[in-house]
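Asks: Coordinates in upload_6.cif, mmCIF, C-alpha atoms and all ligand atoms, are listed below.
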```
data_structure
loop_
_atom_site.label_atom_id
_atom_site.label_comp_id
_atom_site.auth_asym_id
_atom_site.auth_seq_id
_atom_site.Cartn_x
_atom_site.Cartn_y
_atom_site.Cartn_z
CA MET A 1 -50.28 -81.66 -78.02
CA VAL A 2 -53.08 -83.29 -76.10
CA GLU A 3 -56.38 -81.56 -76.28
CA ARG A 4 -58.28 -81.62 -73.01
CA GLU A 5 -62.00 -81.18 -73.09
CA ARG A 6 -64.00 -81.07 -69.88
CA GLY A 7 -61.05 -82.55 -68.07
CA ILE A 8 -61.27 -85.78 -70.03
CA MET A 9 -57.91 -87.25 -70.87
CA PRO A 10 -57.93 -88.90 -74.24
CA HIS A 11 -56.22 -92.23 -74.21
CA GLN A 12 -54.67 -94.32 -76.90
CA HIS A 13 -55.36 -97.67 -78.40
CA TRP A 14 -53.17 -99.78 -80.59
CA CYS A 15 -54.89 -100.59 -83.86
CA GLU A 16 -53.64 -104.13 -84.30
CA PHE A 17 -55.03 -104.47 -87.77
CA ALA A 18 -53.03 -101.65 -89.34
CA GLY A 19 -50.43 -101.25 -86.61
CA HIS A 20 -50.78 -97.67 -85.42
CA TYR A 21 -51.79 -95.81 -82.29
CA TRP A 22 -55.02 -93.87 -82.27
CA GLU A 23 -56.60 -91.51 -79.81
CA CYS A 24 -59.90 -92.36 -78.16
CA SER A 25 -62.10 -90.06 -76.14
CA GLY A 26 -63.58 -92.58 -73.74
CA THR A 27 -65.85 -94.96 -75.63
CA ALA A 28 -65.19 -97.13 -78.63
CA VAL A 29 -66.99 -99.72 -80.72
CA ARG A 30 -65.34 -103.04 -80.12
CA LEU A 31 -65.33 -105.97 -82.49
CA PHE A 32 -68.63 -107.83 -82.60
CA GLN A 33 -70.44 -104.98 -80.88
CA ALA A 34 -72.94 -102.60 -82.39
CA GLU A 35 -72.71 -99.79 -79.87
CA PRO A 36 -69.74 -98.04 -78.39
CA THR A 37 -68.82 -99.13 -74.89
CA ILE A 38 -66.79 -97.36 -72.24
CA CYS A 39 -63.07 -98.03 -72.28
CA ILE A 40 -61.87 -99.58 -69.05
CA CYS A 41 -58.30 -99.41 -67.80
CA PHE A 42 -57.28 -103.01 -67.22
CA ASP A 43 -54.57 -101.95 -64.81
CA HIS A 44 -56.88 -99.92 -62.58
CA GLY A 45 -60.26 -101.45 -63.32
CA VAL A 46 -61.90 -98.05 -63.76
CA PRO A 47 -63.18 -96.20 -66.82
CA MET A 48 -60.38 -94.60 -68.79
CA GLU A 49 -62.12 -91.26 -68.32
CA GLN A 50 -61.38 -91.35 -64.61
CA GLY A 51 -57.89 -90.28 -63.78
CA ASP A 52 -54.67 -90.44 -65.69
CA HIS A 53 -53.85 -93.69 -67.41
CA SER A 54 -51.14 -92.42 -69.67
CA SER A 55 -48.69 -94.96 -68.30
CA CYS A 56 -51.12 -97.88 -68.18
CA GLY A 57 -51.35 -100.74 -70.63
CA LEU A 58 -53.00 -100.06 -73.95
CA GLU A 59 -56.01 -101.98 -75.13
CA LEU A 60 -55.57 -103.55 -78.54
CA LEU A 61 -58.50 -102.30 -80.53
CA SER A 62 -58.86 -101.64 -84.21
CA CYS A 63 -59.54 -97.98 -84.89
CA PRO A 64 -62.87 -96.78 -86.35
CA GLU A 65 -61.33 -96.66 -89.82
CA HIS A 66 -59.97 -100.19 -89.74
CA ARG A 67 -62.60 -101.94 -87.68
CA ALA A 68 -64.64 -102.96 -90.74
CA ASP A 69 -61.51 -104.21 -92.49
CA GLN A 70 -60.56 -106.30 -89.52
CA MET A 71 -64.04 -107.80 -89.31
CA ARG A 72 -63.88 -108.72 -93.00
CA ALA A 73 -60.39 -110.15 -92.54
CA MET A 74 -61.79 -112.39 -89.83
CA GLY A 75 -64.56 -113.52 -92.15
CA TYR A 76 -67.45 -111.48 -90.81
CA GLU A 77 -69.62 -108.70 -92.12
CA PRO A 78 -68.49 -105.43 -90.53
CA GLY A 79 -71.86 -105.08 -88.81
CA TYR A 80 -71.88 -108.60 -87.36
CA VAL A 81 -72.72 -108.68 -83.68
CA ILE A 82 -72.37 -111.74 -81.52
CA PRO A 83 -75.87 -112.53 -80.27
CA SER A 84 -75.84 -112.08 -76.54
CA SER A 85 -77.57 -114.81 -74.65
CA PRO A 86 -79.94 -113.75 -71.89
CA GLU A 87 -77.93 -115.96 -69.55
CA GLY A 88 -74.88 -113.78 -69.88
CA ASP A 89 -71.76 -114.75 -71.72
CA GLU A 90 -69.52 -115.44 -68.77
CA ARG A 91 -71.91 -118.01 -67.38
CA SER A 92 -70.69 -120.79 -69.60
CA LEU A 93 -67.03 -120.11 -68.90
CA MET A 94 -67.05 -120.88 -65.23
CA PHE A 95 -68.51 -123.32 -62.80
CA THR A 96 -71.73 -122.36 -61.13
CA ASP A 97 -73.73 -123.83 -58.31
CA ALA A 98 -77.39 -124.78 -58.57
CA ASP A 99 -78.38 -121.14 -58.04
CA GLY A 100 -76.04 -119.94 -60.77
CA LYS A 101 -73.51 -118.45 -58.38
CA PRO A 102 -69.96 -118.66 -59.71
CA THR A 103 -67.72 -121.23 -58.09
CA VAL A 104 -64.09 -122.19 -58.59
CA GLY A 105 -64.95 -125.87 -58.79
CA PHE A 106 -66.59 -128.69 -56.95
CA CYS A 107 -65.80 -131.90 -55.15
CA LEU A 108 -65.81 -134.93 -57.42
CA TRP A 109 -66.88 -137.12 -54.52
CA CYS A 110 -69.72 -135.31 -52.82
CA GLY A 111 -70.44 -132.55 -55.33
CA ALA A 112 -69.86 -129.76 -52.81
CA ASP A 113 -69.36 -126.38 -54.49
CA PHE A 114 -66.24 -124.39 -53.74
CA TYR A 115 -66.66 -120.63 -53.83
CA SER A 116 -62.99 -119.94 -53.26
CA PHE A 117 -59.73 -121.81 -53.27
CA GLU A 118 -59.79 -121.66 -49.49
CA ASP A 119 -63.04 -123.64 -49.58
CA HIS A 120 -61.29 -126.21 -51.71
CA GLU A 121 -58.23 -126.32 -49.45
CA ALA A 122 -60.43 -126.82 -46.40
CA HIS A 123 -62.36 -129.61 -48.09
CA VAL A 124 -59.34 -131.64 -49.17
CA ALA A 125 -57.25 -131.06 -46.05
CA ASP A 126 -56.32 -134.09 -43.94
CA ASP A 127 -57.03 -136.70 -46.59
CA MET A 128 -60.37 -135.04 -47.38
CA ALA A 129 -61.57 -135.34 -43.81
CA ALA A 130 -64.34 -132.83 -44.56
CA CYS A 131 -65.78 -134.93 -47.36
CA ALA A 132 -68.27 -137.41 -45.96
CA VAL A 133 -68.69 -139.24 -49.26
CA PHE A 134 -64.95 -139.75 -49.69
CA GLN A 135 -64.61 -140.98 -46.14
CA LYS A 136 -67.41 -143.48 -46.76
CA MET A 137 -66.07 -144.70 -50.11
CA LYS A 138 -62.33 -144.57 -49.71
CA ASP A 139 -62.11 -148.21 -48.66
CA GLU A 140 -63.98 -149.38 -51.74
CA PRO A 141 -62.21 -149.04 -55.06
CA GLY A 142 -64.06 -146.93 -57.58
CA GLU A 143 -64.30 -143.65 -59.33
CA PRO A 144 -65.56 -140.53 -57.68
CA PRO A 145 -69.35 -140.72 -58.04
CA VAL A 146 -69.72 -137.19 -59.41
CA LEU A 147 -67.07 -137.87 -62.04
CA ARG A 148 -68.77 -141.11 -63.01
CA GLN A 149 -72.10 -139.31 -63.33
CA MET A 150 -70.51 -136.65 -65.52
CA PHE A 151 -69.07 -139.31 -67.81
CA GLU A 152 -72.43 -140.99 -68.04
CA GLU A 153 -74.22 -137.73 -68.82
CA ALA A 154 -71.66 -136.96 -71.50
CA GLY A 155 -72.02 -140.45 -72.97
CA LEU A 156 -68.40 -141.19 -72.18
CA GLY A 157 -69.02 -144.26 -70.10
CA ASP A 158 -66.12 -146.67 -70.22
CA PRO A 159 -67.02 -149.09 -73.07
CA GLU A 160 -65.18 -151.95 -71.42
CA GLY A 161 -66.78 -151.30 -68.10
CA ASN A 162 -70.24 -152.28 -69.26
CA LYS A 163 -70.19 -155.63 -67.58
CA ASN A 164 -72.70 -155.47 -64.81
CA ASP A 165 -71.85 -157.94 -62.12
CA GLU A 166 -75.31 -157.83 -60.70
ZN ZN A 201 -60.73 -96.07 -75.73
ZN ZN A 202 -54.93 -97.05 -65.48
ZN ZN A 203 -56.39 -98.33 -87.69
ZN ZN A 204 -66.45 -133.70 -51.04
#
```
Could you quickly redo this structure as structure tokens?
Replies:
Amino acid sequence: MVERERGIMPHQHWCEFAGHYWECSGTAVRLFQAEPTICICFDHGVPMEQGDHSSCGLELLSCPEHRADQMRAMGYEPGYVIPSSPEGDERSLMFTDADGKPTVGFCLWCGADFYSFEDHEAHVADDMAACAVFQKMKDEPGEPPVLRQMFEEAGLGDPEGNKNDE
């Protein structure tokens, strides 16, 4: 029997810690969070409260009773919250341009940012005809300048390549 209050469909989660289903009314406290957040249907990309998601994928989430146990099992205090950086957590996971806009990558020759894979395709088409730097350098042997700069910034310069001919 499913109890329906105000038209809200409860949905289920799978408590991975203890291995049981549990019923959730729309928000839940996730691991490393202090406050409950709205449950989102990953299949539809909308809050679980909207519509019927009874046949959608379940989110693995330890239930309120086992959440503290799972945190301890992972080596944390039950109340531990990951400090959120003002930059936003996703920032560090993807490439961004100088303005902080997300990109899918960049050209290792001229440093151009690609905002989509189509951008990338267009840039590398026809032997990278769109890349002025590559066209200028392709007759001289050498590494892509952006790649070389990245190695230098990371301190990964080739130790055997230190001989300066000049
Ligand atoms: Zn939920
Ligand atoms: Zn759904
Ligand atoms: Zn549980
Ligand atoms: Zn380029």
Asks: What is the CA of Phe106 in chain A-CA of Phe42 in chain A distance in Å, reported with one decimal?
Replies: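 A separation of 29.2 Å between them.
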Asks: Can you check which parts of chain A lie within 6 Å of ligand ZN 201 (chain A)? Per residue, the shortest pair of atoms and distance in Å to one decimal, counting only C-alpha atoms and all ligand atoms, sorted by chain and number, as JSON lines.
Replies:
```
{"residue": "A:Cys24", "atom": "CA", "partner": "A:ZN201", "partner_atom": "ZN", "distance": 4.5}
{"residue": "A:Gly26", "atom": "CA", "partner": "A:ZN201", "partner_atom": "ZN", "distance": 4.9}
{"residue": "A:Thr27", "atom": "CA", "partner": "A:ZN201", "partner_atom": "ZN", "distance": 5.2}
{"residue": "A:Ala28", "atom": "CA", "partner": "A:ZN201", "partner_atom": "ZN", "distance": 5.4}
{"residue": "A:Cys39", "atom": "CA", "partner": "A:ZN201", "partner_atom": "ZN", "distance": 4.6}
```
Asks: Mind writing the picked residues with C-alpha atoms as a CSV table (one decimal), keeping the file's coordinate frame?
Replies:
```
chain,number,residue,atom,x,y,z
A,24,CYS,CA,-59.9,-92.4,-78.2
A,26,GLY,CA,-63.6,-92.6,-73.7
A,27,THR,CA,-65.8,-95.0,-75.6
A,28,ALA,CA,-65.2,-97.1,-78.6
A,39,CYS,CA,-63.1,-98.0,-72.3
```
Asks: At most 12 Å from (-70.7, -107.0, -91.9), file frame, only C-alpha atoms: which residues, as a list in words?
Replies: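 Nearby residues: Leu31, Phe32, Gln33, Ala34, Arg67, Ala68, Asp69, Gln70, Met71, Arg72, Ala73, Met74, Gly75, Tyr76, Glu77, Pro78, Gly79, Tyr80, Val81 and Ile82 of chain A.
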Asks: Grab the residues selected above and save them as a PDB file, in the frame of the given file with C-alpha atoms.
Replies:
```pdb
ATOM      1  CA  LEU A  31     -65.330-105.970 -82.490  1.00  0.00           C
ATOM      2  CA  PHE A  32     -68.630-107.830 -82.600  1.00  0.00           C
ATOM      3  CA  GLN A  33     -70.440-104.980 -80.880  1.00  0.00           C
ATOM      4  CA  ALA A  34     -72.940-102.600 -82.390  1.00  0.00           C
ATOM      5  CA  ARG A  67     -62.600-101.940 -87.680  1.00  0.00           C
ATOM      6  CA  ALA A  68     -64.640-102.960 -90.740  1.00  0.00           C
ATOM      7  CA  ASP A  69     -61.510-104.210 -92.490  1.00  0.00           C
ATOM      8  CA  GLN A  70     -60.560-106.300 -89.520  1.00  0.00           C
ATOM      9  CA  MET A  71     -64.040-107.800 -89.310  1.00  0.00           C
ATOM     10  CA  ARG A  72     -63.880-108.720 -93.000  1.00  0.00           C
ATOM     11  CA  ALA A  73     -60.390-110.150 -92.540  1.00  0.00           C
ATOM     12  CA  MET A  74     -61.790-112.390 -89.830  1.00  0.00           C
ATOM     13  CA  GLY A  75     -64.560-113.520 -92.150  1.00  0.00           C
ATOM     14  CA  TYR A  76     -67.450-111.480 -90.810  1.00  0.00           C
ATOM     15  CA  GLU A  77     -69.620-108.700 -92.120  1.00  0.00           C
ATOM     16  CA  PRO A  78     -68.490-105.430 -90.530  1.00  0.00           C
ATOM     17  CA  GLY A  79     -71.860-105.080 -88.810  1.00  0.00           C
ATOM     18  CA  TYR A  80     -71.880-108.600 -87.360  1.00  0.00           C
ATOM     19  CA  VAL A  81     -72.720-108.680 -83.680  1.00  0.00           C
ATOM     20  CA  ILE A  82     -72.370-111.740 -81.520  1.00  0.00           C
TER      21      ILE A  82
END
```
Asks: Output the neighbourhood of ligand ZN 203 (chain A) as number ranges by chain, that is, all protein and nucleic acid residues with some atom at most 10 Å from the ligand, counting all atoms listed in the file.
Replies: A: 13-22, 61-70
Asks: What does the list of residues within 8 Å of ligand ZN 204 (chain A) look like if you count all atoms listed in the file, written as a list of chain:residue names?
Replies: A:Phe106, A:Cys107, A:Leu108, A:Trp109, A:Cys110, A:Gly111, A:Ala112, A:His123, A:Val124, A:Met128, A:Ala130, A:Cys131, A:Ala132, A:Val133, A:Phe134
Asks: Next, write the just-selected residues to a file, as a compact mmCIF listing (two decimals), keeping the file's coordinate frame, keeping C-alpha atoms as the atom set.
Replies:
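The result, stored in again.txt:
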```txt
# COMPACT_ATOMS: atom_id res chain seq x y z
CA PHE A 106 -66.59 -128.69 -56.95
CA CYS A 107 -65.80 -131.90 -55.15
CA LEU A 108 -65.81 -134.93 -57.42
CA TRP A 109 -66.88 -137.12 -54.52
CA CYS A 110 -69.72 -135.31 -52.82
CA GLY A 111 -70.44 -132.55 -55.33
CA ALA A 112 -69.86 -129.76 -52.81
CA HIS A 123 -62.36 -129.61 -48.09
CA VAL A 124 -59.34 -131.64 -49.17
CA MET A 128 -60.37 -135.04 -47.38
CA ALA A 130 -64.34 -132.83 -44.56
CA CYS A 131 -65.78 -134.93 -47.36
CA ALA A 132 -68.27 -137.41 -45.96
CA VAL A 133 -68.69 -139.24 -49.26
CA PHE A 134 -64.95 -139.75 -49.69
```
Asks: Enclose range 122-130 of chain A, meaning all of its atoms listed in the file, in a box aligned along x, y and z, pad it by 3 Å on each side, and list the centre and edge lengths in Å to one decimal, as AutoDock Vina command-line options.
Replies:
```
--center_x -60.3 --center_y -131.8 --center_z -46.5 --size_x 14.0 --size_y 15.9 --size_z 11.4
```
Asks: Counting all atoms listed in the file, what is within 7 Å of His11 in chain A, bar same-chain residues fewer than 5 positions away, as a list in words?
Replies: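 Once the nearby chain positions are removed, what remains is Glu23, Cys24, Ser25 and Ser54 of chain A.
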Asks: Could you please take those selected residues and save C-alpha atoms as a PDB file, in the coordinates of the input?
Replies:
```pdb
ATOM      1  CA  GLU A  23     -56.600 -91.510 -79.810  1.00  0.00           C
ATOM      2  CA  CYS A  24     -59.900 -92.360 -78.160  1.00  0.00           C
ATOM      3  CA  SER A  25     -62.100 -90.060 -76.140  1.00  0.00           C
ATOM      4  CA  SER A  54     -51.140 -92.420 -69.670  1.00  0.00           C
TER       5      SER A  54
END
```
Asks: Work out how far CA of Pro102 in chain A is from CA of Glu143 in chain A, in Å to one decimal.
Replies: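 CA of Glu143 in chain A sits 25.6 Å away from CA of Pro102 in chain A.
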Asks: Go through the chains and note each residue within 6 Å of ligand ZN 202 (chain A), using all atoms listed in the file, then give the set as a short mmCIF file (atom, residue, chain, number, x, y, z; two decimals) with C-alpha atoms, keeping the file's coordinate frame.
Replies:
```
data_model
loop_
_atom_site.label_atom_id
_atom_site.label_comp_id
_atom_site.auth_asym_id
_atom_site.auth_seq_id
_atom_site.Cartn_x
_atom_site.Cartn_y
_atom_site.Cartn_z
CA CYS A 41 -58.30 -99.41 -67.80
CA ASP A 43 -54.57 -101.95 -64.81
CA HIS A 44 -56.88 -99.92 -62.58
CA HIS A 53 -53.85 -93.69 -67.41
CA CYS A 56 -51.12 -97.88 -68.18
#
```
